[in-house]
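Okay, upload.tsv now, which holds TSV, C-alpha atoms and all ligand atoms:
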chain	number	residue	atom	x	y	z
R	1	MET	CA	-4.90	6.13	-16.80
R	2	LYS	CA	-6.50	3.19	-15.08
R	3	ILE	CA	-5.82	2.29	-11.46
R	4	GLY	CA	-7.16	-0.80	-9.70
R	5	VAL	CA	-7.69	-1.44	-6.01
R	6	ILE	CA	-7.53	-5.08	-4.93
R	7	GLY	CA	-11.07	-5.39	-3.63
R	8	LEU	CA	-11.27	-8.64	-1.73
R	9	GLN	CA	-11.45	-7.17	1.77
R	10	GLY	CA	-10.62	-3.96	3.59
R	11	ALA	CA	-10.67	-0.21	2.88
R	12	VAL	CA	-11.37	-0.40	-0.86
R	13	SER	CA	-13.91	2.31	-1.67
R	14	GLU	CA	-11.94	4.94	0.27
R	15	HIS	CA	-8.92	4.29	-1.96
R	16	LEU	CA	-11.08	4.52	-5.10
R	17	GLU	CA	-12.37	7.90	-3.92
R	18	ALA	CA	-8.90	9.15	-2.94
R	19	ILE	CA	-7.47	8.16	-6.34
R	20	LYS	CA	-10.31	9.93	-8.16
R	21	ARG	CA	-9.73	13.08	-6.07
R	22	ALA	CA	-5.98	12.91	-6.76
R	23	MET	CA	-6.63	12.47	-10.51
R	24	ARG	CA	-8.85	15.57	-10.52
R	25	LYS	CA	-6.18	17.55	-8.65
R	26	LEU	CA	-3.48	16.57	-11.13
R	27	GLY	CA	-5.76	16.98	-14.14
R	28	ILE	CA	-5.34	13.32	-15.08
R	29	GLU	CA	-8.08	11.70	-17.16
R	30	GLY	CA	-8.69	8.26	-15.79
R	31	GLU	CA	-10.64	5.78	-13.80
R	32	ALA	CA	-10.26	3.73	-10.65
R	33	ILE	CA	-11.73	0.24	-10.51
R	34	TRP	CA	-12.52	-2.41	-7.93
R	35	VAL	CA	-10.47	-5.55	-8.75
R	36	GLY	CA	-11.64	-9.07	-7.88
R	37	ARG	CA	-10.34	-11.18	-10.78
R	38	PRO	CA	-6.84	-11.56	-12.28
R	39	GLU	CA	-7.84	-10.60	-15.84
R	40	GLN	CA	-8.93	-7.18	-14.58
R	41	LEU	CA	-5.25	-6.42	-13.92
R	42	ASP	CA	-4.23	-6.67	-17.57
R	43	ASP	CA	-4.75	-3.05	-18.62
R	44	LEU	CA	-4.03	-1.37	-15.29
R	45	ASP	CA	-1.40	1.37	-14.95
R	46	GLY	CA	-1.20	1.01	-11.18
R	47	ILE	CA	-2.40	-1.33	-8.44
R	48	ILE	CA	-3.30	-0.56	-4.82
R	49	ILE	CA	-3.35	-3.20	-2.09
R	50	PRO	CA	-5.48	-1.72	0.70
R	51	GLY	CA	-5.51	-2.00	4.46
R	52	GLY	CA	-7.69	-4.59	6.14
R	53	GLU	CA	-6.72	-7.99	7.45
R	54	SER	CA	-3.55	-9.16	5.72
R	55	THR	CA	-4.22	-12.85	6.45
R	56	THR	CA	-7.58	-12.62	4.64
R	57	ILE	CA	-6.26	-10.45	1.81
R	58	GLY	CA	-3.28	-12.78	1.24
R	59	LYS	CA	-5.33	-15.95	1.28
R	60	LEU	CA	-8.00	-14.54	-1.05
R	61	MET	CA	-5.37	-13.13	-3.40
R	62	PHE	CA	-3.88	-16.61	-3.56
R	63	THR	CA	-7.13	-18.48	-4.22
R	64	THR	CA	-8.36	-15.97	-6.84
R	65	GLY	CA	-5.05	-16.07	-8.72
R	66	LEU	CA	-4.52	-12.36	-8.08
R	67	LEU	CA	-1.31	-13.02	-6.13
R	68	GLU	CA	0.54	-14.51	-9.12
R	69	ARG	CA	-0.79	-11.95	-11.58
R	70	VAL	CA	0.12	-8.98	-9.35
R	71	LYS	CA	3.65	-10.40	-9.08
R	72	GLN	CA	3.90	-10.52	-12.88
R	73	LYS	CA	2.58	-6.96	-13.22
R	74	ALA	CA	5.14	-5.75	-10.65
R	75	ALA	CA	7.94	-7.51	-12.53
R	76	ASP	CA	6.77	-5.76	-15.72
R	77	GLY	CA	7.21	-2.41	-13.96
R	78	THR	CA	3.62	-1.58	-13.00
R	79	PRO	CA	3.62	0.62	-9.87
R	80	ILE	CA	2.09	-0.93	-6.76
R	81	LEU	CA	1.02	0.91	-3.61
R	82	GLY	CA	0.50	-1.13	-0.43
R	83	THR	CA	-1.11	0.45	2.61
R	84	CYS	CA	-1.19	-1.08	6.11
R	85	ALA	CA	-2.20	-4.73	5.47
R	86	GLY	CA	-1.00	-4.00	1.91
R	87	LEU	CA	2.47	-3.21	3.27
R	88	ILE	CA	2.53	-6.63	4.93
R	89	THR	CA	1.30	-8.38	1.78
R	90	ILE	CA	3.90	-6.75	-0.48
R	91	ALA	CA	6.81	-7.73	1.79
R	92	LYS	CA	9.40	-10.42	1.27
R	93	ARG	CA	9.43	-11.51	4.92
R	94	GLY	CA	7.13	-11.37	7.92
R	95	ASP	CA	7.43	-11.88	11.66
R	96	ALA	CA	6.46	-14.95	13.72
R	97	GLN	CA	2.77	-14.08	13.40
R	98	VAL	CA	3.06	-14.09	9.60
R	99	VAL	CA	4.86	-17.42	9.67
R	100	ARG	CA	2.30	-18.94	12.06
R	101	THR	CA	-0.74	-17.90	10.02
R	102	LYS	CA	0.95	-19.10	6.80
R	103	GLN	CA	-0.51	-16.03	5.11
R	104	PRO	CA	0.64	-15.78	1.50
R	105	LEU	CA	2.87	-12.78	0.77
R	106	LEU	CA	3.69	-11.26	-2.60
R	107	GLY	CA	7.35	-11.22	-1.59
R	108	LEU	CA	8.07	-8.25	-3.82
R	109	MET	CA	9.68	-5.71	-1.55
R	110	ASN	CA	12.98	-6.29	0.19
R	111	ILE	CA	11.62	-5.63	3.65
R	112	SER	CA	10.73	-7.65	6.71
R	113	VAL	CA	7.59	-6.54	8.53
R	114	VAL	CA	6.11	-6.82	12.00
R	115	ARG	CA	2.34	-7.00	12.31
R	116	ASN	CA	0.60	-4.87	14.93
R	117	ALA	CA	3.91	-3.18	15.68
R	118	PHE	CA	2.53	-0.37	17.82
R	119	GLY	CA	1.12	-2.54	20.59
R	120	ARG	CA	-2.27	-2.81	22.22
R	121	GLN	CA	-2.20	0.48	24.10
R	122	ARG	CA	-1.84	2.34	20.85
R	123	GLU	CA	-3.86	0.19	18.49
R	124	SER	CA	-5.16	3.19	16.60
R	125	PHE	CA	-3.91	6.75	16.54
R	126	GLU	CA	-3.31	9.72	14.31
R	127	THR	CA	-0.16	11.72	13.96
R	128	ASP	CA	1.48	14.33	11.77
R	129	LEU	CA	4.11	12.48	9.82
R	130	ASN	CA	7.09	14.03	8.14
R	131	ILE	CA	7.49	12.52	4.66
R	132	PRO	CA	10.07	14.63	2.80
R	133	ILE	CA	9.19	13.30	-0.70
R	134	LEU	CA	5.68	14.74	-0.24
R	135	GLY	CA	6.93	18.21	0.67
R	136	LYS	CA	7.59	20.24	3.81
R	137	GLU	CA	4.07	20.05	5.20
R	138	PRO	CA	3.61	16.91	7.36
R	139	LEU	CA	0.95	14.40	6.35
R	140	ARG	CA	-1.84	13.54	8.77
R	141	ALA	CA	-1.50	9.78	9.13
R	142	VAL	CA	-4.07	7.37	10.56
R	143	PHE	CA	-2.59	4.20	12.04
R	144	ILE	CA	-4.97	1.29	12.73
R	145	ARG	CA	-3.37	-1.81	14.26
R	146	ALA	CA	-0.51	-0.85	12.03
R	147	PRO	CA	2.52	-2.85	11.01
R	148	ALA	CA	6.05	-1.48	10.78
R	149	VAL	CA	9.08	-2.34	8.72
R	150	GLU	CA	11.70	-4.05	10.84
R	151	GLU	CA	14.47	-4.33	8.31
R	152	VAL	CA	15.15	-3.01	4.84
R	153	MET	CA	17.45	-4.86	2.46
R	154	GLY	CA	19.04	-3.86	-0.81
R	155	ASP	CA	17.82	-0.77	-2.61
R	156	VAL	CA	14.84	0.08	-0.42
R	157	GLN	CA	14.46	3.75	0.37
R	158	VAL	CA	13.10	4.70	3.81
R	159	LEU	CA	10.55	7.51	3.35
R	160	ALA	CA	9.36	8.03	6.92
R	161	LYS	CA	9.78	6.89	10.49
R	162	PHE	CA	7.57	7.23	13.54
R	163	GLN	CA	8.84	6.58	17.07
R	164	GLY	CA	11.99	5.09	15.57
R	165	LYS	CA	10.01	2.61	13.47
R	166	ILE	CA	10.02	2.63	9.66
R	167	VAL	CA	6.51	3.34	8.39
R	168	ALA	CA	6.97	4.26	4.71
R	169	VAL	CA	9.26	2.72	2.08
R	170	LYS	CA	9.90	2.74	-1.66
R	171	GLN	CA	11.72	0.33	-3.91
R	172	GLY	CA	11.61	1.20	-7.61
R	173	ASN	CA	8.01	0.84	-8.78
R	174	LEU	CA	6.83	-0.29	-5.32
R	175	ILE	CA	5.74	1.99	-2.50
R	176	ALA	CA	4.25	1.00	0.85
R	177	VAL	CA	3.08	2.75	3.99
R	178	ALA	CA	1.99	1.42	7.40
R	179	PHE	CA	-0.86	3.92	7.76
R	180	HIS	CA	-4.13	4.72	5.92
R	181	PRO	CA	-3.62	7.64	3.47
R	182	GLU	CA	-7.11	7.05	2.02
R	183	LEU	CA	-8.85	8.05	5.27
R	184	THR	CA	-7.75	11.69	5.29
R	185	PRO	CA	-8.56	14.50	2.83
R	186	ASP	CA	-4.89	15.08	1.94
R	187	THR	CA	-4.27	13.29	-1.37
R	188	ARG	CA	-0.51	13.91	-1.67
R	189	LEU	CA	0.47	10.25	-1.36
R	190	HIS	CA	-2.06	9.19	-4.01
R	191	GLU	CA	-0.81	12.04	-6.21
R	192	TYR	CA	2.77	10.83	-5.78
R	193	PHE	CA	1.65	7.31	-6.72
R	194	LEU	CA	-0.16	8.59	-9.82
R	195	ARG	CA	3.03	10.36	-10.91
R	196	MET	CA	4.89	7.04	-10.54
R	197	CYS	CA	2.21	5.50	-12.79
R	198	GLN	CA	2.58	8.30	-15.35
R	199	LEU	CA	6.33	7.80	-15.42
R	200	ALA	CA	5.97	4.03	-15.83
R	201	ARG	CA	3.62	4.57	-18.79
R	202	THR	CA	6.09	6.76	-20.63
R	203	SER	CA	9.21	4.72	-19.90
V	301	LIG	N1	-3.30	-5.53	11.71
V	301	LIG	C1	-3.68	-5.80	10.36
V	301	LIG	C2	-2.89	-6.99	9.80
V	301	LIG	O1	-1.97	-7.43	10.41
V	301	LIG	C3	-3.46	-4.58	9.47
V	301	LIG	C4	-4.37	-3.48	9.91
V	301	LIG	C5	-4.79	-2.56	8.81
V	301	LIG	O2	-4.60	-2.82	7.62
V	301	LIG	N2	-5.38	-1.46	9.22
V	301	LIG	O3	-3.21	-7.49	8.77
Encoded form using C-alpha cells:
Amino acid sequence: MKIGVIGLQGAVSEHLEAIKRAMRKLGIEGEAIWVGRPEQLDDLDGIIIPGGESTTIGKLMFTTGLLERVKQKAADGTPILGTCAGLITIAKRGDAQVVRTKQPLLGLMNISVVRNAFGRQRESFETDLNIPILGKEPLRAVFIRAPAVEEVMGDVQVLAKFQGKIVAVKQGNLIAVAFHPELTPDTRLHEYFLRMCQLARTS
C-alpha cells in the first residue's frame, strides 16, 4: 500500500506520521510519501490533500500539474482525503472569497464550501466530534481557521456536523473533513481512509 500526501504547503509531515501509525495499527504493510510532482501519483493507492492555505495549495497544484493528475486518479477510483484547506480544494464550488482569489479547485466533490466559516472569535478551537462511521467514541477534532460545507448536492453523505455546520463529508472514493485529524493521536480517520484504499485496490 502506498499513500501520498500532496506536499506543496501545509501540514504534510503530520499526515505522513498519522498514516504510518494507522498502517501499523491495522497491520498494513506500506509506505507514505511526500508528493511534489505529478508522476509520483502514478502508483499511489490513496492521496491526501492536507490543511494549510488553500489558495497556495490550489495555485501550486495547478502550476505543477498535480491538479489535473489528481483529478484523473480520482476518476479512476483512487481514494482521496482532503482535510481543512484540502476540503476546500476538493470541492466543486466555493464562496465569494474563493471566487475572488481565483484559487484553482479540483471540483471533484459535489459540495459548496465557505472558507473561515467559524469566524474570527473562534479561529482555532478543539472539540469532541461525533462521527458515527468512526464508532461511538467521539473524535477530538482540531479546527484551525476552518472551512465548512454550505451545501451538499447529489450523492454526498454528511458524516458530521458542528454547531449546525457540516464539517465532514463522503462521496464514493472521496472523503473530506474541515478539521485536522493529523494533529491528534487518534488515528481512526486515517484508518478509515486506509480501509477505503484497501477496498479500492481489490475492486
Ligand atoms: N483558512 C484556510 C483556507 O481557507 C484553511 C485553514 C487550514 O487548512 N487549517 O485555506
Produce the centre coordinates and the three edge lengths, each in Å to one decimal, of the box along x, y and z that contains all listed atoms of ligand LIG 301 (chain V) with 3 Å added on each side, as lines of an AutoDock Vina configuration file.
center_x = -3.7
center_y = -4.5
center_z = 9.7
size_x = 9.4
size_y = 12.0
size_z = 10.1
- [ ] Please check which residues have atoms at most 7 Å from (10.4, 10.6, 0.4) in the file's coordinates, counting all atoms listed in the file, and write them as a PyMOL selection string.
- [x] chain R and resi 131-134+159
TODO: Name the residues, by chain letter and number, that sit within 6 Å of ligand LIG 301 (chain V) using only C-alpha atoms and all ligand atoms, and give them as an NGL selection string.
DONE: :R and (51-55 or 84-85 or 115-116 or 144-146)
Task: R:Val142, R:Leu108, R:Leu60, R:Ile3 ranked by distance to Pro185 in chain R, top pick (using all atoms listed in the file) - done: R:Val142
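Nearest residue to Phe62 in chain R among R:Ala200, R:Val12, R:Leu106, R:Ala168 is R:Leu106, counting all atoms listed in the file.
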Open item on the list: Calculated over only C-alpha atoms, which of the candidates R:Val99, R:Ile47, R:Ala148, R:Ala22 has the smallest distance to Val35 in chain R?
Closed with: R:Ile47
TODO: Counting only C-alpha atoms, note down every residue that has an atom within 7 Å of the point (11.1, 2.1, 6.1) (file coordinates), as a list in words.
DONE: Val149, Val152, Gln157, Val158, Leu159, Ala160, Lys161, Ile166, Val167, Ala168 and Val169 of chain R
- [ ] Go ahead and compute the interatomic distance for CA of Thr101 in chain R and CA of Ala11 in chain R, in Å to one decimal.
- [x]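 Taking CA of Thr101 in chain R as the start and CA of Ala11 in chain R as the end point, the length is 21.5 Å.
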TODO: For CA of Leu199 in chain R and CA of Leu129 in chain R, quote the distance in Å rounded to one decimal.
DONE: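 Between CA of Leu199 in chain R and CA of Leu129 in chain R the gap is 25.8 Å.
Closest approach to Ala91 in chain R from the set R:Ala117, R:Ala141, R:Ile111, R:Met153 is made by R:Ile111, with distances taken over all atoms listed in the file.
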Open item on the list: With distances taken over all atoms listed in the file, which residue among R:Ser124, R:Gln163, R:Gln198, R:Ser112 lies nearest Ala96 in chain R?
Closed with: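 Going through R:Ser124, R:Gln163, R:Gln198, R:Ser112 one by one, the smallest distance to Ala96 in chain R is for R:Ser112.
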- [ ] Considering all atoms listed in the file, state which residue in the set R:Gln103, R:Thr64, R:Asn110, R:Ser203 is at the smallest distance from Gln40 in chain R.
- [x] R:Thr64
TODO: Could you please determine the separation between CA of Gly27 in chain R and CA of Gln171 in chain R in Å, to one decimal place?
DONE: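 These atoms are spaced 26.2 Å apart.
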- [ ] Compile the contact shell of Gly58 in chain R as a ChimeraX atom specification: residues with an atom at most 10 Å away, counting all atoms listed in the file, same-chain residues fewer than 5 positions apart removed.
- [x] /R:8-9,53,63,66-67,85-86,88-90,102-106
